[in-house]
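**Q** Here it is, the structure in full.
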Amino acid sequence: MKIRLLLLSLGFALTVSSSLRAEDPKPAPGAKAEKPETELEKTMSKMNKAWRPVRKAAKEGKLTPADAALVATVRQGAEEASKLTPALEAEKPAAEQAKFQADYQAQLKKLIATLTKLEAALTANDIPAATKLVGDAGAVIKGGHKEFKKPDENEHH
Ligand code: HEM
C-alpha cells in the first residue's frame with residue numbers, strides 16, 4: 001500500500017515536471033520568453049518603454065517640459081516602424097497587401113503628427129494641451145493595434 005502510494009506520487013511528479021518542460025522552450029538571449037520577436041515588435045517595445053512614463057505622468061498630472069525628450073523617442077520609433085511590415089499583412093490576399101501597408105503607414109503618420117504637437121505643447125509648458133494630446137495619441141495607438149496587429153497578439157493591450 002505504502003509503495004503504491006509512493007509510486008503514484010513519483011509518477012505524478014514526473015508527469016508534472018515533463019509537461020512543464022514541454023512548455024518551456026529556451027528563449028534566445030535577450031528575447032522575450034514567449035516567442036522570438038519580429039523587427040516591428042522590437043521597435044514597438046522600444047516605443048512602449050518611452051511612452052509608458054509619459055502616459056503615467058499624464059494620468060497623475062505630472063507632465064513636465066522634460067517629457068518632450070521621451071515623446072521624441074516614441075516619434076522616432078514610429079518613423080522606424082513605418083519602414084516595417086506588420087506580421088498580419090502576410091495573411092492578407094496579395095491584392096490587398098499594398099493597401100494594407102499604405103493604411104498602416106497613414107495611421108503611423110497620424111501618430112507622428114499627434115506626437116509632434118505633443119512635443120510642442122510640452123516644450124511650451126502648455127500642460128493642459130499636452131494632457132489632451134496624450135489621450136489623442138492613445139486613441140490612435142488603440143486604433144492602430146485593432147486594425148494592424150494580429151488578434152492573438154492583442155492581449156497585452
Ligand atoms: C506610442 C505608440 C505605440 C506603442 C507604445 C505601441 C506598443 C506596442 C507593443 C508593446 C506591441 C507588442 C510588441 C511585442 O509583442 O513584443 C506592439 C505591437 C504592434 N503594434 Fe504598436 N504601439 C504603438 C503604436 C502603434 C501604431 C500607431 C500602430 C499601427 C499603425 C501599431 C501597430 C502594431 C503592430 C502591427 C504590432 C504587432 C507587431 C507585428 O506585426 O510584427 N502600433 N505595439
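Residue numbering restarts at 1 in every chain; chains get A, B, ... in the order shown in the C-alpha cells, and ligands count up from 1 in that same order.
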Give me, as a ChimeraX atom specification, all polymer residues having an atom no more than 10 Å from A:Thr116, counting only C-alpha atoms and skipping those fewer than 3 positions away in the same chain.
**A** /A:68,71-72,75,110-113,119-121,133
**Q** May I have the residues from that selection written out with N, CA and C atoms, as a PDB file, in the first residue's frame?
**A**
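Printed below is part_36.pdb as written:
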ATOM      1  N   ALA A  68       9.206  65.967 -23.176  1.00  0.00           N
ATOM      2  CA  ALA A  68       9.306  66.112 -24.638  1.00  0.00           C
ATOM      3  C   ALA A  68      10.371  65.162 -25.217  1.00  0.00           C
ATOM      4  N   VAL A  71       8.873  61.756 -25.665  1.00  0.00           N
ATOM      5  CA  VAL A  71       7.943  61.772 -26.795  1.00  0.00           C
ATOM      6  C   VAL A  71       8.721  61.749 -28.112  1.00  0.00           C
ATOM      7  N   ALA A  72       9.856  62.445 -28.159  1.00  0.00           N
ATOM      8  CA  ALA A  72      10.689  62.433 -29.370  1.00  0.00           C
ATOM      9  C   ALA A  72      11.185  61.011 -29.652  1.00  0.00           C
ATOM     10  N   ARG A  75       8.344  59.111 -31.162  1.00  0.00           N
ATOM     11  CA  ARG A  75       8.125  59.570 -32.546  1.00  0.00           C
ATOM     12  C   ARG A  75       9.163  58.955 -33.491  1.00  0.00           C
ATOM     13  N   LYS A 110      -0.488  59.670 -38.653  1.00  0.00           N
ATOM     14  CA  LYS A 110      -1.385  60.345 -37.702  1.00  0.00           C
ATOM     15  C   LYS A 110      -0.737  60.405 -36.325  1.00  0.00           C
ATOM     16  N   LEU A 111      -0.149  59.276 -35.933  1.00  0.00           N
ATOM     17  CA  LEU A 111       0.517  59.227 -34.625  1.00  0.00           C
ATOM     18  C   LEU A 111       1.660  60.243 -34.580  1.00  0.00           C
ATOM     19  N   ILE A 112       2.479  60.258 -35.642  1.00  0.00           N
ATOM     20  CA  ILE A 112       3.637  61.161 -35.695  1.00  0.00           C
ATOM     21  C   ILE A 112       3.169  62.625 -35.612  1.00  0.00           C
ATOM     22  N   ALA A 113       2.074  62.945 -36.302  1.00  0.00           N
ATOM     23  CA  ALA A 113       1.538  64.319 -36.261  1.00  0.00           C
ATOM     24  C   ALA A 113       1.100  64.679 -34.839  1.00  0.00           C
ATOM     25  N   GLU A 119       4.958  67.218 -28.463  1.00  0.00           N
ATOM     26  CA  GLU A 119       6.292  67.744 -28.135  1.00  0.00           C
ATOM     27  C   GLU A 119       6.258  69.271 -28.027  1.00  0.00           C
ATOM     28  N   ALA A 120       5.563  69.907 -28.968  1.00  0.00           N
ATOM     29  CA  ALA A 120       5.487  71.374 -28.976  1.00  0.00           C
ATOM     30  C   ALA A 120       4.753  71.876 -27.734  1.00  0.00           C
ATOM     31  N   ALA A 121       3.652  71.220 -27.376  1.00  0.00           N
ATOM     32  CA  ALA A 121       2.878  71.639 -26.200  1.00  0.00           C
ATOM     33  C   ALA A 121       3.721  71.499 -24.932  1.00  0.00           C
ATOM     34  N   LEU A 133      -3.452  65.833 -25.660  1.00  0.00           N
ATOM     35  CA  LEU A 133      -2.779  65.182 -26.791  1.00  0.00           C
ATOM     36  C   LEU A 133      -2.306  63.770 -26.430  1.00  0.00           C
TER      37      LEU A 133
END
**Q** Could you give me, as a count of residues only, every polymer residue with an atom at most 7 Å away from an atom of ligand 1, counting only C-alpha atoms and all ligand atoms?
**A** 29
**Q** So how far away is atom CA of A:Pro151 from atom CA of A:Gln101, in Å?
**A** 17.2 Å
**Q** State, in Å with one decimal place, the distance from atom CA of A:Ala137 to atom CA of A:Thr114.
**A**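 It comes out at 6.1 Å.
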**Q** So which residues touch A:Arg55 within 9 Å, counting only C-alpha atoms, skipping near sequence neighbours fewer than 2 positions away, as a ChimeraX atom specification?
**A** /A:51-53,57-60,63,131,134-135,138
**Q** Could you jot down the atom CA of A:Lys117 to atom CA of A:Ala130 separation for me, Å, one decimal place?
**A** 8.1 Å
**Q** Pick from A:Ala139, A:Leu70, A:Ala90, A:Ala106: nearest to A:Thr123, with only C-alpha atoms counted?
**A**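 Comparing A:Ala139, A:Leu70, A:Ala90, A:Ala106 against A:Thr123, the winner is A:Leu70.
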**Q** Given the choices A:Leu122, A:Ala78, A:Ala129, A:Ala98, which gets closest to A:Ala66 if the distance is worked out from only C-alpha atoms?
**A**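 Checking each of A:Leu122, A:Ala78, A:Ala129, A:Ala98 against A:Ala66, counting only C-alpha atoms, the winner is A:Leu122.
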